[in-house]
Amino acid sequence: MASRNEWKLYRRTCDKTKKEIISAYPPESPFTVYRNDIWWGDSWDALTYGRAFDFVKPFFVQYEELQKVVPREGTSVFRSENCDYNSHIRDSKNCYMNSLIATSEDTHFSYWIENGKDVIDCMLTNASTLSYECVDCDKCYDVTSLEESRNCNDCHFCFQLTGCDHCLLSSNLANRSYYLRNAPCTKEEFAAAKTALLCGSYAKWKDARAEYLRMREASVHRALHNLNCENVIGDHMYNAKNCLRCFDGHDAEDCTQSISMADTKDIISCYSAGWPRCEQIYFSAVSRGSIDLAFCRYTFFGNNLRYCDSCISCKHCFGCIGLRHKEYCILNTQYTKEEYEKLVPQIIDHMGKTGEWGEFFPPHTMPFSYNESAAQDYLPLSENEARKMGFTWRDTPEEIPVAKRVITAASLPDNIDDMSDDLLQSAIQCEKSGKPFKIVKQELDFYRRMRLPLPRLHPTERHRSRMARRNPYQLWIRKCTKCGQDTWTTYAPERPEMVACEECYLKEIY
Ligand SMILES: [Zn+2]
């Protein structure tokens, strides 16, 4: 996770075109950084940076020297239209300020969204439309503040619902319609209550949100949120078999100790593998359509690679960076099959002696500082802790953008109905971080349509608070609140929530 910057974007210059780009790499980054289309184009050749392996020096020193000169991909927008201001986005349209987005439209300020349409301020939703402030939802429509739910329609401020519609401030329901505060209600009662909560007023929104969080805390929590799994210990796993300590994955088999996977088999200690299918991946970050990788990062369609970074459609390579359609290369140098097969065992033997073989790239060679990487989002460290572990830390003061017209969050009118389009010409000053942020036209239209107030916090603060509400990628055994049996869960034993094993949870909702 430390090898990937998912959320932070910087303005910098593309080192090839000298034009300004929006990049995951800050301007002071020691690397050569190219705009996405240039990096993927034919104007440069990574083999020109090749060098012979030096059996006097440790491998990682030589890898680091190579890393300093080979151009890196500065942006990560693929096959997308009107999506420049995003990180890691593909096949999408009209999206602004998101990260990890696939096949989505009109999605803003969100993280890890697949097949979204009109999605704002959400995290980990799939195939959902008209969603606001939702986390871990699948196939939902017209929903706000909904968490751990699927197949829902017109549900707001609700927790752990399945197949429900027209529910407000309710939790742990399956296949119910018209529920208010966990009790059945009439259509008229539902409409009146919804209008009272969602009327465009910030004060009303805040009250509803506070009531939701209290209700959520008092509800029985599912120990693990897995679905259609067999012999799986992990959380948020769907259609999986024989997986141990895995999180946020689907269609996975025989996977261990991994986070974020889709269509994977035999993977161990990986972050983000799949999209499309990956097999036999060990200790690697961001693997796509690959087989037989170990100690790699950013591999697209690779086969039999070791210690490679940002290599595309390569096979049988060792210690290479930024190669495309190559085979039998070591440190970006081309060898014959025979030379390669002779040299690699010698290098592995050398790395065995230096204590490097079997270790992932050392922390100081991560292309990003710890505090701008995904690791800081999931496993936050202090500057001291991170530096002690060998990671770099970005201490450049954050540049506060200069806005001509700034309105403080406190001086905004309470109701969205009292905001004119004029507001789009100003920046709002975040009430927590003081940073100015912009409201975009599509966003304002969305709030008006959904009867939501304007946010008072900067998008990064909103993202952080959603992150903070999600359980960690860690498992404990604790007693089920209902039956007292030991159960695996991502709720630490000292946490106050009532946590039910799957059997008791299902009794609770059906
Ligand atoms: Zn139980």
# chains A, B, ... in the order shown; residues from 1 in each chain; ligands from 1

call {"tool": "residues_near_ligand", "arguments": {"ligand": "ligand 1", "cutoff": "10 Å", "atoms": "only C-alpha atoms and all ligand atoms", "output": "JSON, numbers by chain"}}
result
{"A": [222, 223, 479, 480, 481, 482, 483, 484, 485, 486, 487, 499, 500, 501, 502, 503, 504, 505, 506, 507]}

call {"tool": "residues_around", "arguments": {"residues": "Met366 of chain A", "least_positions_apart": "3", "cutoff": "12 Å", "atoms": "only C-alpha atoms", "output": "PDB file with N, CA and C atoms, in the first residue's frame"}}
result
ATOM      1  N   MET A   1       0.824  -1.207   0.000  1.00  0.00           N
ATOM      2  CA  MET A   1       0.000   0.000   0.000  1.00  0.00           C
ATOM      3  C   MET A   1       0.857   1.254   0.000  1.00  0.00           C
ATOM      4  N   ALA A   2       2.029   1.123   0.611  1.00  0.00           N
ATOM      5  CA  ALA A   2       2.928   2.280   0.667  1.00  0.00           C
ATOM      6  C   ALA A   2       3.498   2.597  -0.705  1.00  0.00           C
ATOM      7  N   SER A   3       3.330   1.681  -1.642  1.00  0.00           N
ATOM      8  CA  SER A   3       3.885   1.956  -2.965  1.00  0.00           C
ATOM      9  C   SER A   3       2.874   2.618  -3.885  1.00  0.00           C
ATOM     10  N   ARG A   4       1.717   2.978  -3.346  1.00  0.00           N
ATOM     11  CA  ARG A   4       0.701   3.595  -4.195  1.00  0.00           C
ATOM     12  C   ARG A   4       0.116   4.851  -3.546  1.00  0.00           C
ATOM     13  N   ASN A   5       0.143   5.948  -4.288  1.00  0.00           N
ATOM     14  CA  ASN A   5      -0.537   7.167  -3.837  1.00  0.00           C
ATOM     15  C   ASN A   5      -1.917   7.167  -4.478  1.00  0.00           C
ATOM     16  N   TYR A  25       2.639  12.456  -8.358  1.00  0.00           N
ATOM     17  CA  TYR A  25       3.994  12.795  -7.917  1.00  0.00           C
ATOM     18  C   TYR A  25       4.104  14.302  -7.684  1.00  0.00           C
ATOM     19  N   SER A  29       9.420  15.555  -6.354  1.00  0.00           N
ATOM     20  CA  SER A  29       9.716  14.129  -6.425  1.00  0.00           C
ATOM     21  C   SER A  29      11.013  13.898  -7.224  1.00  0.00           C
ATOM     22  N   PRO A  30      11.881  13.000  -6.775  1.00  0.00           N
ATOM     23  CA  PRO A  30      13.176  12.827  -7.467  1.00  0.00           C
ATOM     24  C   PRO A  30      13.071  12.108  -8.813  1.00  0.00           C
ATOM     25  N   PHE A  31      11.860  11.685  -9.201  1.00  0.00           N
ATOM     26  CA  PHE A  31      11.723  10.866 -10.403  1.00  0.00           C
ATOM     27  C   PHE A  31      11.423  11.690 -11.651  1.00  0.00           C
ATOM     28  N   PHE A  60      19.207  -4.172  -4.307  1.00  0.00           N
ATOM     29  CA  PHE A  60      18.313  -3.017  -4.136  1.00  0.00           C
ATOM     30  C   PHE A  60      19.007  -1.691  -4.438  1.00  0.00           C
ATOM     31  N   TYR A  63      18.779  -1.479  -8.130  1.00  0.00           N
ATOM     32  CA  TYR A  63      17.380  -1.216  -8.492  1.00  0.00           C
ATOM     33  C   TYR A  63      17.069   0.273  -8.290  1.00  0.00           C
ATOM     34  N   GLU A  64      17.540   0.793  -7.173  1.00  0.00           N
ATOM     35  CA  GLU A  64      17.282   2.196  -6.835  1.00  0.00           C
ATOM     36  C   GLU A  64      17.938   3.143  -7.842  1.00  0.00           C
ATOM     37  N   GLN A  67      15.782   3.089 -10.804  1.00  0.00           N
ATOM     38  CA  GLN A  67      14.522   3.773 -10.487  1.00  0.00           C
ATOM     39  C   GLN A  67      14.653   5.294 -10.637  1.00  0.00           C
ATOM     40  N   LYS A  68      15.842   5.818 -10.342  1.00  0.00           N
ATOM     41  CA  LYS A  68      16.074   7.271 -10.396  1.00  0.00           C
ATOM     42  C   LYS A  68      16.006   7.812 -11.820  1.00  0.00           C
ATOM     43  N   ALA A 285       2.053  -5.533  -5.378  1.00  0.00           N
ATOM     44  CA  ALA A 285       1.046  -4.484  -5.302  1.00  0.00           C
ATOM     45  C   ALA A 285       0.596  -4.115  -6.705  1.00  0.00           C
ATOM     46  N   CYS A 296       6.554  -7.579  -7.072  1.00  0.00           N
ATOM     47  CA  CYS A 296       6.367  -6.641  -8.181  1.00  0.00           C
ATOM     48  C   CYS A 296       5.379  -5.560  -7.785  1.00  0.00           C
ATOM     49  N   ARG A 297       5.452  -4.453  -8.468  1.00  0.00           N
ATOM     50  CA  ARG A 297       4.411  -3.440  -8.319  1.00  0.00           C
ATOM     51  C   ARG A 297       4.014  -2.908  -9.701  1.00  0.00           C
ATOM     52  N   ASP A 309       8.852  -3.301 -11.699  1.00  0.00           N
ATOM     53  CA  ASP A 309       7.967  -2.180 -11.395  1.00  0.00           C
ATOM     54  C   ASP A 309       7.475  -1.571 -12.708  1.00  0.00           C
ATOM     55  N   PHE A 360      10.313  -7.615   0.035  1.00  0.00           N
ATOM     56  CA  PHE A 360       9.737  -6.649  -0.904  1.00  0.00           C
ATOM     57  C   PHE A 360      10.705  -5.467  -1.025  1.00  0.00           C
ATOM     58  N   PHE A 361      10.506  -4.622  -2.016  1.00  0.00           N
ATOM     59  CA  PHE A 361      11.333  -3.423  -2.165  1.00  0.00           C
ATOM     60  C   PHE A 361      11.433  -2.687  -0.817  1.00  0.00           C
ATOM     61  N   PRO A 362      12.600  -2.238  -0.428  1.00  0.00           N
ATOM     62  CA  PRO A 362      12.736  -1.583   0.876  1.00  0.00           C
ATOM     63  C   PRO A 362      11.917  -0.285   0.958  1.00  0.00           C
ATOM     64  N   PRO A 363      11.473   0.065   2.168  1.00  0.00           N
ATOM     65  CA  PRO A 363      10.606   1.248   2.332  1.00  0.00           C
ATOM     66  C   PRO A 363      11.127   2.519   1.668  1.00  0.00           C
ATOM     67  N   SER A 369       6.060   9.166  -0.544  1.00  0.00           N
ATOM     68  CA  SER A 369       6.284   9.255   0.893  1.00  0.00           C
ATOM     69  C   SER A 369       5.147   8.517   1.591  1.00  0.00           C
ATOM     70  N   TYR A 370       5.434   7.999   2.771  1.00  0.00           N
ATOM     71  CA  TYR A 370       4.426   7.209   3.480  1.00  0.00           C
ATOM     72  C   TYR A 370       3.137   8.002   3.666  1.00  0.00           C
ATOM     73  N   ASN A 371       3.280   9.277   4.039  1.00  0.00           N
ATOM     74  CA  ASN A 371       2.074  10.053   4.367  1.00  0.00           C
ATOM     75  C   ASN A 371       1.282  10.522   3.153  1.00  0.00           C
ATOM     76  N   GLU A 372       1.728  10.209   1.946  1.00  0.00           N
ATOM     77  CA  GLU A 372       0.882  10.490   0.780  1.00  0.00           C
ATOM     78  C   GLU A 372       0.435   9.181   0.124  1.00  0.00           C
ATOM     79  N   SER A 373       0.772   8.053   0.750  1.00  0.00           N
ATOM     80  CA  SER A 373       0.434   6.752   0.167  1.00  0.00           C
ATOM     81  C   SER A 373      -0.851   6.196   0.773  1.00  0.00           C
ATOM     82  N   ALA A 374      -1.383   5.147   0.146  1.00  0.00           N
ATOM     83  CA  ALA A 374      -2.591   4.497   0.662  1.00  0.00           C
ATOM     84  C   ALA A 374      -2.344   3.876   2.033  1.00  0.00           C
ATOM     85  N   ALA A 375      -1.090   3.541   2.324  1.00  0.00           N
ATOM     86  CA  ALA A 375      -0.783   2.929   3.620  1.00  0.00           C
ATOM     87  C   ALA A 375      -1.177   3.852   4.772  1.00  0.00           C
ATOM     88  N   GLY A 390      11.958   3.339   7.939  1.00  0.00           N
ATOM     89  CA  GLY A 390      12.720   3.542   6.700  1.00  0.00           C
ATOM     90  C   GLY A 390      11.935   4.212   5.589  1.00  0.00           C
ATOM     91  N   PHE A 391      10.677   4.571   5.851  1.00  0.00           N
ATOM     92  CA  PHE A 391       9.886   5.246   4.819  1.00  0.00           C
ATOM     93  C   PHE A 391      10.287   6.712   4.739  1.00  0.00           C
ATOM     94  N   THR A 392      10.028   7.322   3.591  1.00  0.00           N
ATOM     95  CA  THR A 392      10.224   8.768   3.502  1.00  0.00           C
ATOM     96  C   THR A 392       8.926   9.443   3.939  1.00  0.00           C
ATOM     97  N   TRP A 393       8.998  10.700   4.258  1.00  0.00           N
ATOM     98  CA  TRP A 393       7.857  11.456   4.771  1.00  0.00           C
ATOM     99  C   TRP A 393       7.815  12.800   4.074  1.00  0.00           C
TER     100      TRP A 393
END

call {"tool": "residues_around", "arguments": {"residues": "Leu213 of chain A", "least_positions_apart": "2", "cutoff": "10 Å", "atoms": "only C-alpha atoms", "output": "number ranges by chain"}}
result
A: 145, 157-159, 169, 207-211, 215-219

call {"tool": "closest_residue", "arguments": {"among": "A:Gln442, A:His350, A:Pro380, A:Pro493", "to": "Pro58 of chain A", "atoms": "only C-alpha atoms"}}
result
A:His350

call {"tool": "residues_around", "arguments": {"residues": "Asn226 of chain A", "least_positions_apart": "3", "cutoff": "12 Å", "atoms": "only C-alpha atoms", "output": "VMD selection string"}}
result
chain A and resid 136 148 to 149 222 to 223 229 to 241 243 246 to 251 488 to 490 501 to 502
